[in-house]
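Participant: mmCIF, C-alpha atoms and all ligand atoms, file run-v2.cif:
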data_start
loop_
_atom_site.label_atom_id
_atom_site.label_comp_id
_atom_site.auth_asym_id
_atom_site.auth_seq_id
_atom_site.Cartn_x
_atom_site.Cartn_y
_atom_site.Cartn_z
CA MET E 6 94.65 100.75 135.10
CA GLU E 7 97.34 102.50 133.05
CA ARG E 8 97.89 101.16 129.54
CA LYS E 9 100.85 101.99 127.32
CA VAL E 10 100.46 101.76 123.56
CA LEU E 11 103.27 101.97 121.00
CA PHE E 12 102.49 102.53 117.31
CA VAL E 13 105.12 101.25 114.89
CA CYS E 14 105.77 101.82 111.17
CA LEU E 15 108.93 101.85 109.05
CA GLY E 16 110.29 105.40 109.20
CA ASN E 17 108.28 106.80 112.16
CA ILE E 18 107.65 109.97 110.16
CA CYS E 19 104.29 109.24 108.45
CA ARG E 20 101.94 106.53 109.71
CA SER E 21 102.89 105.86 113.34
CA PRO E 22 103.32 109.48 114.48
CA ALA E 23 99.95 110.22 112.86
CA ALA E 24 98.39 107.29 114.73
CA GLU E 25 99.94 108.60 117.96
CA GLY E 26 98.60 112.14 117.36
CA ILE E 27 95.11 110.90 116.45
CA MET E 28 94.98 108.60 119.48
CA ARG E 29 96.20 111.34 121.85
CA LYS E 30 93.47 113.67 120.62
CA MET E 31 90.76 111.02 120.93
CA LEU E 32 91.92 110.13 124.45
CA ALA E 33 91.98 113.80 125.48
CA GLN E 34 88.47 114.31 124.10
CA GLU E 35 87.29 111.34 126.18
CA GLY E 36 89.13 112.62 129.27
CA CYS E 37 90.95 109.25 129.38
CA ARG E 38 94.24 109.92 131.17
CA ASP E 39 95.16 106.29 131.87
CA VAL E 40 96.53 105.61 128.39
CA VAL E 41 100.05 106.60 127.34
CA CYS E 42 100.92 106.66 123.62
CA ASP E 43 104.20 106.77 121.74
CA SER E 44 105.47 105.75 118.30
CA ALA E 45 108.64 104.35 116.77
CA GLY E 46 110.03 102.96 113.51
CA THR E 47 111.79 99.76 112.50
CA TYR E 48 114.18 101.89 110.37
CA SER E 49 116.37 104.42 112.18
CA GLY E 50 117.29 106.63 109.20
CA HIS E 51 114.88 109.42 110.19
CA ALA E 52 115.71 109.44 113.92
CA GLY E 53 115.18 112.91 115.41
CA ASP E 54 113.05 114.14 112.49
CA LEU E 55 109.62 115.68 112.81
CA PRO E 56 106.87 113.90 110.84
CA ASP E 57 106.96 114.31 107.06
CA PRO E 58 105.60 117.80 106.14
CA ARG E 59 102.98 116.19 103.87
CA MET E 60 101.65 114.18 106.80
CA ARG E 61 101.84 117.14 109.18
CA GLN E 62 99.79 119.26 106.77
CA ALA E 63 97.21 116.56 106.02
CA ALA E 64 96.83 115.81 109.75
CA ALA E 65 96.58 119.52 110.64
CA ARG E 66 93.68 119.90 108.21
CA ARG E 67 91.84 117.31 110.35
CA GLY E 68 92.82 119.00 113.62
CA TYR E 69 95.79 116.86 114.66
CA HIS E 70 99.06 118.50 115.67
CA LEU E 71 102.00 116.14 115.08
CA ASP E 72 105.22 117.02 116.88
CA HIS E 73 106.74 113.60 117.59
CA ARG E 74 110.47 113.18 116.94
CA ALA E 75 111.23 109.94 115.12
CA ARG E 76 113.05 107.17 116.95
CA PRO E 77 113.80 103.51 116.27
CA VAL E 78 112.08 100.69 118.19
CA ARG E 79 114.23 99.57 121.15
CA TYR E 80 114.32 96.23 122.94
CA ASP E 81 113.10 97.84 126.18
CA ASP E 82 109.91 98.92 124.35
CA PHE E 83 108.77 95.32 124.80
CA ASP E 84 108.95 95.85 128.58
CA ARG E 85 107.66 99.42 128.64
CA PHE E 86 104.54 98.98 126.49
CA ASP E 87 101.46 96.77 126.92
CA LEU E 88 100.37 96.88 123.30
CA ILE E 89 102.57 97.30 120.22
CA LEU E 90 100.54 98.07 117.09
CA THR E 91 102.07 97.71 113.65
CA MET E 92 100.99 99.22 110.35
CA ASP E 93 101.86 96.46 107.88
CA ASP E 94 103.16 92.91 107.51
CA ALA E 95 106.80 94.03 107.24
CA ASN E 96 106.64 95.90 110.60
CA TYR E 97 104.69 93.02 112.17
CA GLU E 98 107.20 90.41 111.10
CA ARG E 99 110.21 92.58 111.97
CA LEU E 100 108.91 93.10 115.51
CA HIS E 101 108.19 89.40 115.93
CA ARG E 102 111.82 88.73 115.02
CA MET E 103 112.94 91.36 117.59
CA ALA E 104 110.66 90.18 120.43
CA PRO E 105 112.80 88.91 123.33
CA SER E 106 110.20 86.42 124.63
CA VAL E 107 106.89 84.75 123.81
CA GLU E 108 105.19 87.11 126.27
CA ALA E 109 106.72 90.13 124.48
CA ALA E 110 105.60 88.78 121.08
CA GLY E 111 102.07 88.50 122.48
CA LYS E 112 101.94 92.30 122.79
CA ILE E 113 102.25 92.78 119.01
CA ALA E 114 99.09 93.22 116.92
CA ARG E 115 98.07 94.84 113.65
CA LEU E 116 96.45 98.26 114.10
CA THR E 117 93.95 97.45 111.33
CA ASP E 118 92.51 94.69 113.56
CA PHE E 119 90.66 97.56 115.28
CA CYS E 120 89.10 98.95 112.07
CA ARG E 121 85.29 98.96 111.92
CA ARG E 122 84.43 101.31 109.05
CA PHE E 123 87.02 99.54 106.88
CA PRO E 124 86.77 95.96 108.24
CA GLU E 125 88.48 94.59 105.12
CA ALA E 126 91.69 96.57 105.79
CA THR E 127 94.71 94.35 106.44
CA HIS E 128 97.38 97.07 106.64
CA VAL E 129 97.96 100.82 106.59
CA PRO E 130 99.76 101.40 103.26
CA ASP E 131 103.09 103.22 103.22
CA PRO E 132 102.31 106.72 101.83
CA TYR E 133 105.94 107.88 101.51
CA TYR E 134 106.17 107.46 97.74
CA GLU E 135 102.49 108.26 97.12
CA GLY E 136 100.61 111.45 96.25
CA ALA E 137 98.33 113.48 98.50
CA GLU E 138 95.50 110.94 98.28
CA GLY E 139 97.80 108.33 99.88
CA PHE E 140 98.06 110.48 103.00
CA GLU E 141 94.30 110.99 103.14
CA ARG E 142 93.72 107.23 102.83
CA VAL E 143 96.20 106.64 105.68
CA LEU E 144 94.40 109.18 107.88
CA ASP E 145 91.00 107.61 107.08
CA LEU E 146 92.32 104.19 108.14
CA LEU E 147 94.07 105.53 111.23
CA GLU E 148 91.00 107.44 112.43
CA ASP E 149 88.90 104.30 112.00
CA ALA E 150 91.40 102.02 113.77
CA CYS E 151 92.07 104.49 116.60
CA SER E 152 88.36 104.93 117.31
CA GLY E 153 88.01 101.11 117.49
CA LEU E 154 91.07 100.92 119.75
CA LEU E 155 89.61 103.65 121.96
CA VAL E 156 86.49 101.55 122.56
CA GLU E 157 88.65 98.63 123.72
CA LEU E 158 90.92 100.79 125.89
CA LYS E 159 87.96 102.49 127.56
CA LYS E 160 86.58 99.05 128.49
CA GLU E 161 89.93 98.13 130.04
CA CYS E 162 90.19 101.48 131.86
CA ARG E 163 86.73 100.95 133.39
CA GLU E 164 87.50 97.34 134.30
CA GLY E 165 91.00 98.20 135.60
P1 LIG M 1 106.37 105.61 107.51
O1 LIG M 1 106.73 106.07 106.01
O2 LIG M 1 106.91 104.21 107.69
O3 LIG M 1 104.89 105.65 107.54
O4 LIG M 1 107.04 106.63 108.43
C1 LIG M 1 108.03 105.99 105.50
C2 LIG M 1 108.94 106.97 105.80
C3 LIG M 1 110.23 106.92 105.27
C4 LIG M 1 110.56 105.89 104.43
C5 LIG M 1 109.64 104.89 104.11
C6 LIG M 1 108.38 104.95 104.65
N1 LIG M 1 111.86 105.84 103.86
O5 LIG M 1 112.09 104.95 103.02
O6 LIG M 1 112.71 106.67 104.18
#
Is it possible to give me this structure as structure tokens?
Facilitator:
Amino acid sequence: MERKVLFVCLGNICRSPAAEGIMRKMLAQEGCRDVVCDSAGTYSGHAGDLPDPRMRQAAARRGYHLDHRARPVRYDDFDRFDLILTMDDANYERLHRMAPSVEAAGKIARLTDFCRRFPEATHVPDPYYEGAEGFERVLDLLEDACSGLLVELKKECREG
């Protein structure tokens, strides 16, 4: 069964494109072709931009190539995607306000709900105004959450 996952942050240049790149690599390593990933932002000011160079460099050091072009969340994303995973409370609440139906709102969840190594994590902090360690912390959280998400998606793929 094909599953479509959308990762959402504010600018779509740091956290969500990194989540998308990490997830794509994990899915490719597992040979799981039934899952489609994309990312978007609740703020459109960076539309068309590549991910922030600081995030691209930090991700590249861990073997992730990020080449997503930023785009804002659209209303049809609620139809196109099965699961919409947000980075923090602001994204979560913004998407709930945008959701066109109760069914659409039911697709929204927090990415940190899938964390296992960091079970106490409630959000992926915005690294935009942080130093280099902020980007490393984001990548640690995203790798943890994406590996937990992969376990769930693989179950669904097998059951599908
Ligand atoms: P992101 O980080 O939401 O992880 O992409 C940010 C990127 C840009 C801005 C804020 C956060 N900004 O204010 O432009």
Participant: Measuring between all atoms listed in the file, which one of E:Ala33, E:Ala114, E:Leu11, E:Ala63 shows the shortest distance to E:Pro132?
Facilitator: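 When distances to E:Pro132 are compared using all atoms listed in the file, the smallest one comes from E:Ala63.
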Participant: Determine, using all atoms listed in the file, which residues of chain E have any atom at most 9 Å from an atom of ligand LIG 1 (chain M), and tabulate each with its shortest atom pair and distance in Å to one decimal place, rows ordered by chain and then rising number, as a Markdown table.
Facilitator:
| residue | atom | partner | partner_atom | distance |
| --- | --- | --- | --- | --- |
| E:Val13 | CA | M:LIG1 | O2 | 8.0 |
| E:Cys14 | CA | M:LIG1 | O2 | 4.4 |
| E:Leu15 | CA | M:LIG1 | O2 | 3.4 |
| E:Gly16 | CA | M:LIG1 | O4 | 3.6 |
| E:Asn17 | CA | M:LIG1 | O4 | 3.9 |
| E:Ile18 | CA | M:LIG1 | O4 | 3.8 |
| E:Cys19 | CA | M:LIG1 | O3 | 3.8 |
| E:Arg20 | CA | M:LIG1 | O3 | 3.8 |
| E:Ser21 | CA | M:LIG1 | O3 | 6.1 |
| E:Pro22 | CA | M:LIG1 | O4 | 7.7 |
| E:Ala23 | CA | M:LIG1 | O3 | 8.6 |
| E:Ala45 | CA | M:LIG1 | O4 | 8.8 |
| E:Gly46 | CA | M:LIG1 | O2 | 6.7 |
| E:Thr47 | CA | M:LIG1 | O2 | 8.2 |
| E:Tyr48 | CA | M:LIG1 | O6 | 8.0 |
| E:Gly50 | CA | M:LIG1 | O6 | 6.8 |
| E:His51 | CA | M:LIG1 | O6 | 7.0 |
| E:Pro56 | CA | M:LIG1 | O4 | 7.7 |
| E:Asp57 | CA | M:LIG1 | C2 | 7.7 |
| E:Ala75 | CA | M:LIG1 | O4 | 8.6 |
| E:Met92 | CA | M:LIG1 | O3 | 8.0 |
| E:Asn96 | CA | M:LIG1 | O2 | 8.8 |
| E:Val129 | CA | M:LIG1 | O3 | 8.5 |
| E:Pro130 | CA | M:LIG1 | O3 | 7.9 |
| E:Asp131 | CA | M:LIG1 | O3 | 5.3 |
| E:Pro132 | CA | M:LIG1 | O1 | 6.1 |
| E:Tyr133 | CA | M:LIG1 | C1 | 4.9 |
| E:Tyr134 | CA | M:LIG1 | C6 | 7.7 |
| E:Val143 | CA | M:LIG1 | O3 | 8.9 |
Participant: When distances are computed from all atoms listed in the file, which of E:Leu88, E:Ala65, E:Val78, E:Ala24 shows the smallest separation from E:Leu147?
Facilitator: E:Ala24
Participant: Calculate how many Å separate atom CA of E:Ala110 from atom CA of E:Thr91, rounding to one decimal.
Facilitator: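 If I compute the distance from atom CA of E:Ala110 to atom CA of E:Thr91, I get 12.1 Å.
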Participant: Using all atoms listed in the file, which of E:Lys9, E:His128, E:Arg121, E:Lys112 sits nearest E:Ser152?
Facilitator: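 For E:Ser152, the nearest of the given residues is E:Arg121.
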Participant: Can you tell me, as JSON, the centre and edge lengths (Å, one decimal) of the axis-aligned box enclosing all of stretch 43-51 of chain E's listed atoms after padding each side by 5 Å?
Facilitator:
{"center_x": 110.7, "center_y": 104.6, "center_z": 115.5, "size_x": 23.1, "size_y": 19.7, "size_z": 22.5}
Participant: Pick out the residues sitting within 12 Å of E:Glu157, and hand them over as a list in words; count all atoms listed in the file, and ignore anything fewer than 4 positions along from it in its own chain.
Facilitator: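 Residues meeting the cut-off are Arg8, Leu32, Val40, Leu88, Asp118, Phe119, Cys120, Ala150, Cys151, Ser152, Gly153, Glu161, Cys162, Arg163 and Glu164 of chain E.
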